[in-house]
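Q: The structure file coords-v9.csv (CSV, C-alpha atoms) is provided below.
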```csv
chain,number,residue,atom,x,y,z
A,1,MET,CA,93.1,155.0,165.7
A,2,HIS,CA,89.4,156.0,165.7
A,3,ILE,CA,86.8,153.7,167.4
A,4,ALA,CA,83.1,154.3,167.2
A,5,PRO,CA,81.3,155.3,170.4
A,6,PHE,CA,80.0,152.3,172.2
A,7,ALA,CA,76.3,153.1,171.9
A,8,VAL,CA,74.8,150.5,174.3
A,9,GLU,CA,77.4,151.0,177.0
A,10,GLN,CA,77.1,154.8,176.8
A,11,TRP,CA,73.3,154.5,177.1
A,12,MET,CA,73.6,152.1,180.1
A,13,ASN,CA,76.2,154.4,181.8
A,14,ALA,CA,73.9,157.4,181.4
A,15,HIS,CA,70.7,155.8,182.8
A,16,GLU,CA,70.9,152.5,184.6
A,17,THR,CA,71.9,153.8,188.0
A,18,THR,CA,68.9,156.3,188.2
A,19,ALA,CA,66.3,154.1,186.5
A,20,THR,CA,63.1,153.3,188.5
A,21,TRP,CA,62.5,150.1,186.6
A,22,ASN,CA,65.8,148.7,185.2
A,23,THR,CA,64.8,146.2,182.5
A,24,GLY,CA,67.8,147.2,180.5
A,25,GLU,CA,70.1,145.0,182.7
A,26,THR,CA,71.4,141.8,181.0
A,27,CYS,CA,72.6,139.7,184.0
A,28,VAL,CA,70.4,137.3,185.9
A,29,HIS,CA,69.4,138.9,189.1
A,30,SER,CA,72.7,139.4,190.9
A,31,LEU,CA,73.7,137.3,193.8
A,32,THR,CA,74.7,138.7,197.2
A,33,VAL,CA,77.8,137.3,198.8
A,34,ASP,CA,75.6,135.7,201.5
A,35,GLU,CA,73.4,134.1,198.8
A,36,LEU,CA,76.4,132.7,197.0
A,37,LEU,CA,77.8,131.3,200.2
A,38,ALA,CA,74.5,129.7,200.9
A,39,LEU,CA,74.4,128.0,197.5
A,40,THR,CA,77.9,126.5,198.1
A,41,GLY,CA,76.7,124.8,201.3
A,42,ASP,CA,80.0,125.5,203.0
A,43,ALA,CA,80.3,129.1,203.8
A,44,ASP,CA,82.9,128.6,206.6
A,45,ASP,CA,85.3,127.0,204.2
A,46,VAL,CA,84.9,129.6,201.6
A,47,LEU,CA,85.4,132.4,204.1
A,48,ARG,CA,88.5,130.7,205.4
A,49,ARG,CA,90.0,130.5,201.9
A,50,LEU,CA,89.4,134.2,201.4
A,51,ARG,CA,90.8,135.1,204.8
A,52,ASP,CA,94.0,133.1,204.2
A,53,THR,CA,94.6,134.6,200.8
A,54,ARG,CA,97.6,136.9,200.5
A,55,LEU,CA,96.7,139.9,198.4
A,56,THR,CA,99.5,139.7,195.8
A,57,TYR,CA,99.0,139.9,192.1
A,58,GLY,CA,98.2,136.2,192.2
A,59,HIS,CA,98.3,133.9,189.2
A,60,ILE,CA,98.9,136.0,186.1
A,61,ILE,CA,96.8,133.8,183.7
A,62,GLY,CA,94.3,132.8,186.4
A,63,SER,CA,94.7,130.0,189.0
A,64,HIS,CA,94.9,126.5,187.8
A,65,GLU,CA,91.8,125.7,189.9
A,66,LEU,CA,89.7,128.3,188.2
A,67,ARG,CA,91.0,127.5,184.7
A,68,ALA,CA,90.3,123.8,185.3
A,69,GLN,CA,86.7,124.6,186.4
A,70,ILE,CA,86.3,126.7,183.2
A,71,ALA,CA,87.7,123.9,181.1
A,72,GLY,CA,85.1,121.7,182.6
A,73,LEU,CA,82.4,123.7,180.8
A,74,TYR,CA,83.7,122.3,177.5
A,75,GLY,CA,84.6,119.0,175.9
A,76,GLU,CA,87.9,117.0,175.8
A,77,ARG,CA,89.6,119.5,173.4
A,78,ILE,CA,89.9,122.1,176.2
A,79,GLY,CA,92.0,121.7,179.3
A,80,ALA,CA,93.1,124.2,182.0
A,81,ASP,CA,96.1,125.2,179.8
A,82,ASP,CA,93.7,126.2,177.0
A,83,VAL,CA,92.0,128.9,179.2
A,84,LEU,CA,93.1,132.5,179.9
A,85,VAL,CA,91.3,134.4,182.7
A,86,THR,CA,90.5,138.0,181.8
A,87,ASN,CA,88.8,141.1,183.2
A,88,GLY,CA,85.3,140.1,182.3
A,89,ALA,CA,84.0,139.0,178.9
A,90,ILE,CA,84.6,142.5,177.6
A,91,GLY,CA,88.3,142.0,178.3
A,92,ALA,CA,88.2,138.6,176.7
A,93,ASN,CA,86.6,139.8,173.6
A,94,PHE,CA,89.0,142.7,173.2
A,95,LEU,CA,92.0,140.4,173.6
A,96,ALA,CA,90.7,137.8,171.1
A,97,LEU,CA,89.7,140.5,168.5
A,98,PHE,CA,93.1,142.2,168.8
A,99,ALA,CA,94.9,138.9,168.6
A,100,LEU,CA,93.0,137.4,165.6
A,101,THR,CA,92.7,140.4,163.3
A,102,GLU,CA,94.9,143.0,161.7
A,103,PRO,CA,94.7,145.9,159.2
A,104,GLY,CA,93.3,144.8,155.9
A,105,ALA,CA,92.2,141.4,157.1
A,106,GLY,CA,88.8,140.1,156.1
A,107,VAL,CA,86.4,139.9,159.0
A,108,VAL,CA,82.7,138.8,158.9
A,109,CYS,CA,80.5,139.5,161.9
A,110,VAL,CA,76.9,138.8,162.6
A,111,LYS,CA,74.7,141.8,163.2
A,112,PRO,CA,72.8,142.7,165.4
A,113,THR,CA,75.1,141.7,168.2
A,114,TYR,CA,77.2,143.3,171.0
A,115,GLN,CA,78.9,146.3,169.3
A,116,GLN,CA,82.4,145.5,170.6
A,117,LEU,CA,82.5,142.5,168.3
A,118,TYR,CA,82.4,144.5,165.1
A,119,SER,CA,83.6,148.0,166.2
A,120,VAL,CA,87.0,146.8,167.5
A,121,PRO,CA,87.9,145.0,164.2
A,122,GLN,CA,86.8,148.1,162.3
A,123,ALA,CA,89.0,150.3,164.5
A,124,LEU,CA,91.9,148.0,163.9
A,125,GLY,CA,91.6,148.5,160.1
A,126,ALA,CA,89.9,145.2,159.2
A,127,ASP,CA,87.8,144.8,156.1
A,128,LEU,CA,84.5,144.2,158.0
A,129,ARG,CA,81.6,142.6,156.3
A,130,PRO,CA,78.3,142.4,158.4
A,131,LEU,CA,76.3,139.2,158.2
A,132,PRO,CA,72.7,140.4,158.9
A,133,LEU,CA,70.4,138.5,161.3
A,134,ARG,CA,66.9,139.0,160.1
A,135,GLU,CA,63.6,138.8,162.0
A,136,LYS,CA,62.0,136.6,159.3
A,137,ASN,CA,64.8,134.0,159.8
A,138,GLY,CA,64.4,134.0,163.6
A,139,TYR,CA,67.6,136.1,163.8
A,140,LEU,CA,69.7,133.1,162.7
A,141,PRO,CA,72.5,133.5,160.2
A,142,ASP,CA,71.9,132.4,156.6
A,143,VAL,CA,74.8,130.1,155.8
A,144,ASP,CA,74.6,130.8,152.0
A,145,GLU,CA,74.9,134.5,152.7
A,146,LEU,CA,77.9,133.9,155.0
A,147,ARG,CA,79.5,131.9,152.2
A,148,SER,CA,79.0,134.8,149.8
A,149,LEU,CA,80.8,137.2,152.2
A,150,VAL,CA,84.0,135.1,152.8
A,151,ASP,CA,86.9,134.9,150.4
A,152,ASP,CA,90.6,134.0,150.6
A,153,ALA,CA,91.3,137.2,152.5
A,154,THR,CA,88.9,136.3,155.3
A,155,ARG,CA,90.8,135.8,158.5
A,156,LEU,CA,88.1,135.8,161.1
A,157,ILE,CA,84.4,135.0,161.4
A,158,ILE,CA,82.6,136.3,164.5
A,159,VAL,CA,79.3,134.9,165.9
A,160,ASN,CA,77.4,135.2,169.2
A,161,ASN,CA,75.6,132.3,170.7
A,162,PRO,CA,73.1,132.8,172.4
A,163,ASN,CA,72.7,136.1,170.7
A,164,ASN,CA,72.5,139.5,172.4
A,165,PRO,CA,70.1,141.3,171.9
A,166,THR,CA,67.7,138.8,170.3
A,167,GLY,CA,68.0,135.7,172.4
A,168,ALA,CA,68.3,133.5,169.3
A,169,LEU,CA,70.1,130.2,169.7
A,170,MET,CA,72.0,128.4,167.0
A,171,ASP,CA,71.7,124.6,167.2
A,172,GLU,CA,74.5,122.1,166.6
A,173,ALA,CA,73.6,121.5,162.9
A,174,LEU,CA,73.8,125.3,162.1
A,175,LEU,CA,77.0,125.7,164.0
A,176,ARG,CA,78.6,122.8,162.1
A,177,GLU,CA,77.6,124.5,158.8
A,178,ILE,CA,79.3,127.7,159.9
A,179,VAL,CA,82.3,125.7,161.0
A,180,ALA,CA,82.5,124.2,157.5
A,181,VAL,CA,82.6,127.6,155.9
A,182,ALA,CA,85.3,128.8,158.3
A,183,ARG,CA,87.3,125.6,157.6
A,184,GLU,CA,87.0,126.0,153.8
A,185,ARG,CA,88.8,129.4,154.2
A,186,ASP,CA,91.1,128.4,157.1
A,187,ALA,CA,89.7,131.2,159.1
A,188,TRP,CA,89.5,131.7,162.8
A,189,LEU,CA,86.0,131.4,164.3
A,190,LEU,CA,85.3,133.5,167.4
A,191,CYS,CA,82.1,132.9,169.4
A,192,ASP,CA,81.0,135.2,172.2
A,193,GLU,CA,79.2,132.6,174.5
A,194,VAL,CA,78.6,134.8,177.6
A,195,TYR,CA,74.9,133.6,177.8
A,196,ARG,CA,75.7,129.9,177.3
A,197,MET,CA,74.1,127.7,180.0
A,198,LEU,CA,70.9,129.8,179.9
A,199,GLU,CA,69.1,127.8,177.3
A,200,HIS,CA,65.4,127.9,178.2
A,201,ASP,CA,64.3,124.4,177.1
A,202,PRO,CA,66.0,121.4,178.6
A,203,GLY,CA,68.2,119.5,176.1
A,204,THR,CA,68.7,122.4,173.7
A,205,ARG,CA,72.2,123.4,174.7
A,206,PRO,CA,74.4,123.2,171.6
A,207,PRO,CA,78.1,122.3,171.9
A,208,SER,CA,80.6,125.2,172.1
A,209,ILE,CA,82.5,126.3,169.1
A,210,VAL,CA,85.7,125.1,170.7
A,211,ASP,CA,84.3,121.6,170.7
A,212,LEU,CA,83.5,121.7,167.0
A,213,TYR,CA,86.5,123.4,165.3
A,214,GLU,CA,90.2,123.3,165.7
A,215,LYS,CA,90.4,127.1,165.0
A,216,GLY,CA,87.5,127.9,167.3
A,217,VAL,CA,87.9,130.5,170.0
A,218,VAL,CA,85.3,131.4,172.6
A,219,THR,CA,84.8,133.9,175.3
A,220,GLY,CA,82.7,133.7,178.5
A,221,SER,CA,82.2,135.2,181.9
A,222,MET,CA,80.8,135.0,185.4
A,223,SER,CA,78.6,138.0,184.8
A,224,LYS,CA,75.5,136.8,182.9
A,225,SER,CA,74.8,133.1,183.5
A,226,TYR,CA,76.3,133.1,187.0
A,227,SER,CA,74.9,136.4,188.3
A,228,LEU,CA,78.4,137.7,189.4
A,229,ALA,CA,79.2,140.7,187.3
A,230,GLY,CA,80.9,142.3,190.3
A,231,LEU,CA,83.7,139.7,190.1
A,232,ARG,CA,84.8,141.1,186.7
A,233,THR,CA,86.0,137.7,185.7
A,234,GLY,CA,85.9,136.3,182.2
A,235,TRP,CA,87.9,134.1,180.0
A,236,VAL,CA,89.2,133.2,176.5
A,237,ALA,CA,89.3,129.5,175.6
A,238,GLY,CA,90.9,128.1,172.5
A,239,PRO,CA,93.9,126.5,170.8
A,240,PRO,CA,97.4,127.4,172.1
A,241,GLU,CA,98.3,129.6,169.1
A,242,ALA,CA,95.3,131.9,169.8
A,243,LEU,CA,95.9,132.0,173.5
A,244,ALA,CA,99.6,132.9,173.0
A,245,ARG,CA,98.6,135.9,170.9
A,246,CYS,CA,95.9,136.9,173.5
A,247,LEU,CA,98.5,136.7,176.3
A,248,GLU,CA,100.9,139.0,174.3
A,249,VAL,CA,98.2,141.6,174.1
A,250,ARG,CA,97.1,141.1,177.7
A,251,ASP,CA,100.5,142.1,179.0
A,252,TYR,CA,99.6,145.7,177.8
A,253,THR,CA,96.2,145.8,179.5
A,254,THR,CA,96.0,143.6,182.6
A,255,ILE,CA,98.8,142.3,184.8
A,256,SER,CA,96.4,139.9,186.6
A,257,CYS,CA,92.8,139.6,187.8
A,258,GLY,CA,91.8,139.9,191.4
A,259,VAL,CA,92.8,137.0,193.7
A,260,LEU,CA,89.6,137.2,195.7
A,261,ASP,CA,87.6,137.3,192.5
A,262,ASP,CA,89.5,134.2,191.3
A,263,ILE,CA,88.5,132.3,194.5
A,264,LEU,CA,84.8,133.2,194.4
A,265,ALA,CA,84.6,132.4,190.7
A,266,THR,CA,86.2,129.0,191.4
A,267,VAL,CA,83.8,128.3,194.2
A,268,THR,CA,80.9,129.3,192.0
A,269,LEU,CA,81.9,127.0,189.2
A,270,GLU,CA,82.5,124.2,191.7
A,271,HIS,CA,78.8,124.6,192.6
A,272,ARG,CA,77.5,125.7,189.2
A,273,ASP,CA,74.6,123.3,189.1
A,274,ALA,CA,73.0,125.0,192.1
A,275,VAL,CA,73.7,128.5,190.7
A,276,LEU,CA,72.3,127.5,187.3
A,277,GLU,CA,69.2,125.9,188.7
A,278,ARG,CA,68.4,129.1,190.5
A,279,ASN,CA,69.1,131.3,187.5
A,280,LEU,CA,67.2,129.1,185.0
A,281,GLU,CA,64.2,129.3,187.3
A,282,ILE,CA,64.3,133.1,187.2
A,283,VAL,CA,64.8,133.3,183.4
A,284,ARG,CA,62.1,130.8,182.5
A,285,GLY,CA,59.5,132.3,184.9
A,286,ASN,CA,60.2,135.8,183.9
A,287,LEU,CA,60.1,135.0,180.2
A,288,ALA,CA,56.6,133.6,180.7
A,289,ILE,CA,55.6,137.0,182.1
A,290,VAL,CA,57.1,138.8,179.1
A,291,ASP,CA,55.4,136.4,176.6
A,292,GLU,CA,52.0,137.1,178.1
A,293,TRP,CA,52.7,140.9,178.2
A,294,VAL,CA,53.8,141.0,174.5
A,295,GLY,CA,50.6,139.1,173.6
A,296,ARG,CA,48.5,141.7,175.2
A,297,GLU,CA,50.2,144.7,173.5
A,298,GLU,CA,48.8,144.7,170.0
A,299,ARG,CA,51.5,147.0,168.6
A,300,LEU,CA,54.5,145.0,169.9
A,301,ARG,CA,55.9,141.8,168.5
A,302,TYR,CA,59.0,139.7,169.0
A,303,VAL,CA,60.7,136.5,168.1
A,304,ARG,CA,60.5,134.6,171.4
A,305,PRO,CA,64.0,134.1,172.7
A,306,ARG,CA,65.3,130.6,173.2
A,307,ALA,CA,68.2,131.4,175.4
A,308,GLY,CA,69.9,134.2,177.4
A,309,THR,CA,68.4,137.1,179.2
A,310,THR,CA,67.4,139.6,176.5
A,311,THR,CA,65.0,140.0,173.7
A,312,LEU,CA,64.5,142.5,170.9
A,313,ILE,CA,61.0,143.9,170.8
A,314,ARG,CA,59.7,145.6,167.7
A,315,TYR,CA,57.0,148.3,168.1
A,316,ASP,CA,54.5,149.8,165.7
A,317,TYR,CA,54.9,153.5,166.6
A,318,ARG,CA,56.6,156.0,164.2
A,319,VAL,CA,58.9,157.2,167.0
A,320,PRO,CA,62.6,156.6,166.6
A,321,SER,CA,64.0,154.4,169.3
A,322,LEU,CA,66.2,156.9,171.0
A,323,GLU,CA,63.2,159.3,171.3
A,324,PHE,CA,61.0,156.4,172.3
A,325,CYS,CA,63.3,155.2,175.1
A,326,ARG,CA,64.1,158.7,176.4
A,327,GLY,CA,60.5,159.7,176.5
A,328,MET,CA,59.6,156.6,178.5
A,329,PHE,CA,62.5,157.1,180.9
A,330,ASP,CA,61.5,160.7,181.5
A,331,LEU,CA,57.8,159.8,182.0
A,332,ASN,CA,58.2,157.1,184.7
A,333,GLY,CA,61.7,155.8,184.9
A,334,ALA,CA,61.2,152.7,182.7
A,335,PHE,CA,64.6,151.7,181.3
A,336,VAL,CA,65.2,149.7,178.2
A,337,VAL,CA,67.9,150.0,175.5
A,338,PRO,CA,67.0,151.7,172.2
A,339,GLY,CA,67.3,149.5,169.1
A,340,ALA,CA,69.5,152.2,167.5
A,341,ALA,CA,72.3,151.0,169.7
A,342,PHE,CA,72.2,147.8,167.6
A,343,ASP,CA,71.3,149.5,164.3
A,344,GLU,CA,67.8,148.0,164.6
A,345,GLU,CA,65.4,151.0,164.5
A,346,TYR,CA,61.8,150.9,165.9
A,347,THR,CA,62.9,148.2,168.4
A,348,PHE,CA,64.1,148.1,172.0
A,349,ARG,CA,66.1,145.5,173.9
A,350,LEU,CA,64.4,144.3,177.0
A,351,GLY,CA,66.4,142.5,179.8
A,352,TYR,CA,64.0,140.2,181.6
A,353,ALA,CA,66.2,138.3,184.1
A,354,CYS,CA,65.9,140.9,186.9
A,355,ALA,CA,64.0,140.5,190.1
A,356,ARG,CA,60.4,139.6,189.3
A,357,GLY,CA,58.9,142.7,190.9
A,358,VAL,CA,61.2,144.9,188.9
A,359,LEU,CA,60.2,143.1,185.7
A,360,GLU,CA,56.5,143.4,186.4
A,361,GLY,CA,56.7,147.0,187.4
A,362,GLY,CA,58.9,147.8,184.4
A,363,LEU,CA,56.5,146.2,181.9
A,364,ALA,CA,53.6,148.1,183.4
A,365,ALA,CA,55.6,151.3,183.1
A,366,VAL,CA,56.3,150.5,179.4
A,367,SER,CA,52.6,149.9,178.8
A,368,ALA,CA,51.8,153.2,180.5
A,369,TYR,CA,54.1,155.0,178.1
A,370,LEU,CA,52.6,153.2,175.1
A,371,ARG,CA,49.2,154.6,176.1
A,372,THR,CA,50.5,158.1,176.0
A,373,LEU,CA,51.7,157.5,172.4
A,374,GLU,CA,48.3,156.3,171.4
A,375,ALA,CA,46.6,159.2,173.1
```
When written as structure tokens, how does the structure in this file appear?
A:
Amino acid sequence: MHIAPFAVEQWMNAHETTATWNTGETCVHSLTVDELLALTGDADDVLRRLRDTRLTYGHIIGSHELRAQIAGLYGERIGADDVLVTNGAIGANFLALFALTEPGAGVVCVKPTYQQLYSVPQALGADLRPLPLREKNGYLPDVDELRSLVDDATRLIIVNNPNNPTGALMDEALLREIVAVARERDAWLLCDEVYRMLEHDPGTRPPSIVDLYEKGVVTGSMSKSYSLAGLRTGWVAGPPEALARCLEVRDYTTISCGVLDDILATVTLEHRDAVLERNLEIVRGNLAIVDEWVGREERLRYVRPRAGTTTLIRYDYRVPSLEFCRGMFDLNGAFVVPGAAFDEEYTFRLGYACARGVLEGGLAAVSAYLRTLEA
């Protein structure tokens, strides 16, 4: 089986640990253990739970406590038994993709998005049909175009909400239209929702796909919205048939996830309101800085993101994105992700949920590089 090189992850692996200004990162500024304990308001109890935990394999599918907390992020359709804990969202996506597709199956996937969502089905031999997200449409899918891509062989439709890299957000009305297309073809509908809960404007959070469709499957994680990528904890949520297939695949990849990670993820979700309040303040404040900066740079433009931690910025310089980003990194250590990693040339992905000082320094460094191109 051949699988395409994972462009965005290879770029991150090569550069993020040595960057001076890391504005390629996609997580909200990561919490320390002390900061997390402070947000819980009961550090002694959490530490006791950790100290008393025997370091066995633990719960194979994730503890009931954690799965119940994850189920609480959704509506009545999802309970603890409808959640499978995984090694991050990347593990969740792989299991769901492996479980819901097969050689020759018709698969439609939005693009640009996280490459895993379309490269894994391709590697498995699916008949992949990209659904382009266009700048002129605010990077939202065109339902008529989706309908033209599906047929009786379509087994799976894949979306990403909020979207990485653009920060676009599909509202409930649009999601229901997409569900209607999937239901017409009796297709599975997989939604990567790792940036869910980071909607920038109050009252704009749409329902999850699992709350709208009986064959909806979603993935999520503790990494982005909850600032805990180091826990390597994600999940798949969906109907029993889908989870049973995921569990069959999971036996070949992961015996169980870490028991200490399970406890810390549970504690975080028990106090998610405090964590999300902290993280939304970071995201909203930092986006205002980005918005002002883009407005000052006459040769940059973007569709202002409505959710998540990333945005796709288009530049008016005839420099391919890999060359653009390498040149900038070599000049002053400014780090962003080339649009080529998303097949969106003459763009770069900016992550703006880092510490404010990093963001401000990184934007100044990008501007300094732009001046060298103009000179």
Q: Mind dumping a table of every stretch 1-33 of chain A residue within 12 Å of stretch 246-265 of chain A, with the nearest atom pair and its distance in Å to one decimal, using all atoms listed in the file, sorted by chain and rising number, as CSV?
A:
```
residue,atom,partner,partner_atom,distance
A:Leu31,CA,A:Leu264,CA,11.8
A:Thr32,CA,A:Leu264,CA,11.8
A:Val33,CA,A:Leu264,CA,9.2
```
Q: Could you check the closest approach to A:Glu76 for each of A:Asp211, A:Glu184, A:Glu298, A:Asp127 and tell me which residue wins, using all atoms listed in the file?
A: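 Among the listed residues, A:Asp211 lies closest to A:Glu76.
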Q: So what do you get for atom CA of A:Leu47 versus atom CA of A:Glu25, distance-wise?
A: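 About the pair atom CA of A:Leu47 and atom CA of A:Glu25: they are 29.2 Å apart.
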Q: Please measure the separation of atom CA of A:His59 and atom CA of A:Gly234, giving the value in Å to one decimal.
A: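 Calculated distance between atom CA of A:His59 and atom CA of A:Gly234 is 14.4 Å.
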Q: Given the choices A:Arg301, A:Asp343, A:Val366, A:Ser148, which gets closest to A:Gly327 if the distance is worked out from all atoms listed in the file?
A: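 Answer, going by the shortest atom-to-atom distance: A:Val366.
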Q: Neighbourhood query: residues within 12 Å of (70.2, 125.9, 167.0), file coordinates, counting all atoms listed in the file; return as a short mmCIF file (atom, residue, chain, number, x, y, z; two decimals) with C-alpha atoms, in the coordinates of the input.
A:
```cif
data_model
loop_
_atom_site.label_atom_id
_atom_site.label_comp_id
_atom_site.auth_asym_id
_atom_site.auth_seq_id
_atom_site.Cartn_x
_atom_site.Cartn_y
_atom_site.Cartn_z
CA GLY A 138 64.40 134.00 163.60
CA TYR A 139 67.60 136.10 163.80
CA LEU A 140 69.70 133.10 162.70
CA PRO A 141 72.50 133.50 160.20
CA ASN A 160 77.40 135.20 169.20
CA ASN A 161 75.60 132.30 170.70
CA PRO A 162 73.10 132.80 172.40
CA ASN A 163 72.70 136.10 170.70
CA GLY A 167 68.00 135.70 172.40
CA ALA A 168 68.30 133.50 169.30
CA LEU A 169 70.10 130.20 169.70
CA MET A 170 72.00 128.40 167.00
CA ASP A 171 71.70 124.60 167.20
CA GLU A 172 74.50 122.10 166.60
CA ALA A 173 73.60 121.50 162.90
CA LEU A 174 73.80 125.30 162.10
CA LEU A 175 77.00 125.70 164.00
CA ARG A 176 78.60 122.80 162.10
CA GLU A 177 77.60 124.50 158.80
CA ILE A 178 79.30 127.70 159.90
CA GLU A 199 69.10 127.80 177.30
CA ASP A 201 64.30 124.40 177.10
CA GLY A 203 68.20 119.50 176.10
CA THR A 204 68.70 122.40 173.70
CA ARG A 205 72.20 123.40 174.70
CA PRO A 206 74.40 123.20 171.60
CA PRO A 207 78.10 122.30 171.90
CA SER A 208 80.60 125.20 172.10
CA PRO A 305 64.00 134.10 172.70
CA ARG A 306 65.30 130.60 173.20
CA ALA A 307 68.20 131.40 175.40
#
```
Q: Would you compute the distance between atom CA of A:Thr166 and atom CA of A:Thr310? Give it in Å to one decimal.
A: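 Calculated distance between atom CA of A:Thr166 and atom CA of A:Thr310 is 6.3 Å.
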Q: Determine the nearest neighbour of A:Leu350 from the options A:Ile61, A:Ala126, A:Leu73, A:Cys27, counting only C-alpha atoms.
A: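 The shortest atom-to-atom distance to A:Leu350 comes from A:Cys27.
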Q: Counting only C-alpha atoms, which residues have an atom no more than 7 Å from (79.5, 132.4, 173.0) in the file's coordinates? Please list them as an NGL selection string.
A: :A and (160-162 or 191-196 or 218-220)
Q: Nearest to A:Val267 among A:Arg147, A:Arg67, A:Lys215, A:Arg129, with distances taken over all atoms listed in the file: which residue is it?
A: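 The answer is A:Arg67, which sits nearest to A:Val267.
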Q: With stretch 92-100 of chain A as the partner and 10 Å as the cut-off, tabulate the residues of stretch 162-243 of chain A that qualify, each row holding the nearest pair of atoms and their distance in Å to one decimal, using only C-alpha atoms, sorted by chain and rising number, as a Markdown table.
A:
```
| residue | atom | partner | partner_atom | distance |
| --- | --- | --- | --- | --- |
| A:Ala187 | CA | A:Leu100 | CA | 9.6 |
| A:Trp188 | CA | A:Leu100 | CA | 7.3 |
| A:Leu189 | CA | A:Leu100 | CA | 9.3 |
| A:Leu190 | CA | A:Ala96 | CA | 7.8 |
| A:Cys191 | CA | A:Asn93 | CA | 9.2 |
| A:Asp192 | CA | A:Asn93 | CA | 7.4 |
| A:Val217 | CA | A:Ala96 | CA | 7.9 |
| A:Val218 | CA | A:Ala96 | CA | 8.5 |
| A:Thr219 | CA | A:Ala92 | CA | 6.0 |
| A:Gly220 | CA | A:Ala92 | CA | 7.6 |
| A:Ser221 | CA | A:Ala92 | CA | 8.6 |
| A:Thr233 | CA | A:Ala92 | CA | 9.3 |
| A:Gly234 | CA | A:Ala92 | CA | 6.4 |
| A:Trp235 | CA | A:Ala92 | CA | 5.6 |
| A:Val236 | CA | A:Ala92 | CA | 5.5 |
| A:Ala237 | CA | A:Ala92 | CA | 9.2 |
| A:Gly238 | CA | A:Ala96 | CA | 9.8 |
| A:Glu241 | CA | A:Ala99 | CA | 9.9 |
| A:Ala242 | CA | A:Ala99 | CA | 7.1 |
| A:Leu243 | CA | A:Ala96 | CA | 8.2 |
```
Q: Selected residues, C-alpha atoms, written as a PDB file, keeping the file's coordinate frame, please.
A:
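File written: selection-v9.pdb
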```pdb
ATOM      1  CA  ALA A 187      89.700 131.200 159.100  1.00  0.00           C
ATOM      2  CA  TRP A 188      89.500 131.700 162.800  1.00  0.00           C
ATOM      3  CA  LEU A 189      86.000 131.400 164.300  1.00  0.00           C
ATOM      4  CA  LEU A 190      85.300 133.500 167.400  1.00  0.00           C
ATOM      5  CA  CYS A 191      82.100 132.900 169.400  1.00  0.00           C
ATOM      6  CA  ASP A 192      81.000 135.200 172.200  1.00  0.00           C
ATOM      7  CA  VAL A 217      87.900 130.500 170.000  1.00  0.00           C
ATOM      8  CA  VAL A 218      85.300 131.400 172.600  1.00  0.00           C
ATOM      9  CA  THR A 219      84.800 133.900 175.300  1.00  0.00           C
ATOM     10  CA  GLY A 220      82.700 133.700 178.500  1.00  0.00           C
ATOM     11  CA  SER A 221      82.200 135.200 181.900  1.00  0.00           C
ATOM     12  CA  THR A 233      86.000 137.700 185.700  1.00  0.00           C
ATOM     13  CA  GLY A 234      85.900 136.300 182.200  1.00  0.00           C
ATOM     14  CA  TRP A 235      87.900 134.100 180.000  1.00  0.00           C
ATOM     15  CA  VAL A 236      89.200 133.200 176.500  1.00  0.00           C
ATOM     16  CA  ALA A 237      89.300 129.500 175.600  1.00  0.00           C
ATOM     17  CA  GLY A 238      90.900 128.100 172.500  1.00  0.00           C
ATOM     18  CA  GLU A 241      98.300 129.600 169.100  1.00  0.00           C
ATOM     19  CA  ALA A 242      95.300 131.900 169.800  1.00  0.00           C
ATOM     20  CA  LEU A 243      95.900 132.000 173.500  1.00  0.00           C
TER      21      LEU A 243
END
```
Q: Closest to A:Arg318 among A:Leu50, A:Cys354, A:Leu373, A:Val275, using all atoms listed in the file?
A: A:Leu373
Q: Using all atoms listed in the file, pick whichever of A:Gln116, A:Thr268, A:Glu360, A:Arg48 has the shortest atom-to-atom distance to A:Leu231.
A: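 Residue with the minimum atom-to-atom distance to A:Leu231: A:Thr268.
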Q: Listed atoms of stretch 200-207 of chain A, axis-aligned box, 6 Å per side: centre and edge lengths to one decimal in Å, as lines of an AutoDock Vina configuration file?
A:
```
center_x = 71.2
center_y = 123.7
center_z = 175.1
size_x = 25.8
size_y = 20.4
size_z = 19.0
```
Q: Determine, using only C-alpha atoms, which residues of stretch 1-115 of chain A have any atom at most 12 Å from an atom of stretch 282-291 of chain A, and tabulate each with its shortest atom pair and distance in Å to one decimal place, rows ordered by chain and then rising number, as a tab-separated table.
A:
```
residue	atom	partner	partner_atom	distance
A:Thr23	CA	A:Val290	CA	11.2
A:Thr26	CA	A:Val283	CA	11.0
A:Cys27	CA	A:Val283	CA	10.1
A:Val28	CA	A:Val283	CA	7.3
A:His29	CA	A:Ile282	CA	8.0
A:Ser30	CA	A:Ile282	CA	11.1
```
Q: Residues within 8 Å of A:Ile70, please, as a list in words. Count only C-alpha atoms; anything in the same chain fewer than 3 positions from it doesn't count.
A: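 Contacts, with the query itself left out: Leu66, Arg67, Leu73, Tyr74, Ala80, Val83 and Leu269 of chain A.
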Q: Env of A:Arg299: 9 Å cut, atoms = all atoms listed in the file, seq-sep filter 4 positions within chain, self excluded. Answer as a list of chain:residue names.
A: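 Contacts, with the query itself left out: A:Val294, A:Arg314, A:Tyr315, A:Asp316, A:Tyr317.
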Q: Considering only C-alpha atoms, return as a list in words whatever protein or nucleic-acid residues lie within 10 Å of A:Pro132, sequence-local ones (same chain, fewer than 4 positions apart) excluded.
A: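 Everything that qualifies: Cys109, Val110, Lys111, Pro112, Thr113, Tyr139, Leu140, Pro141, Asp142, Glu145 and Leu146 of chain A.
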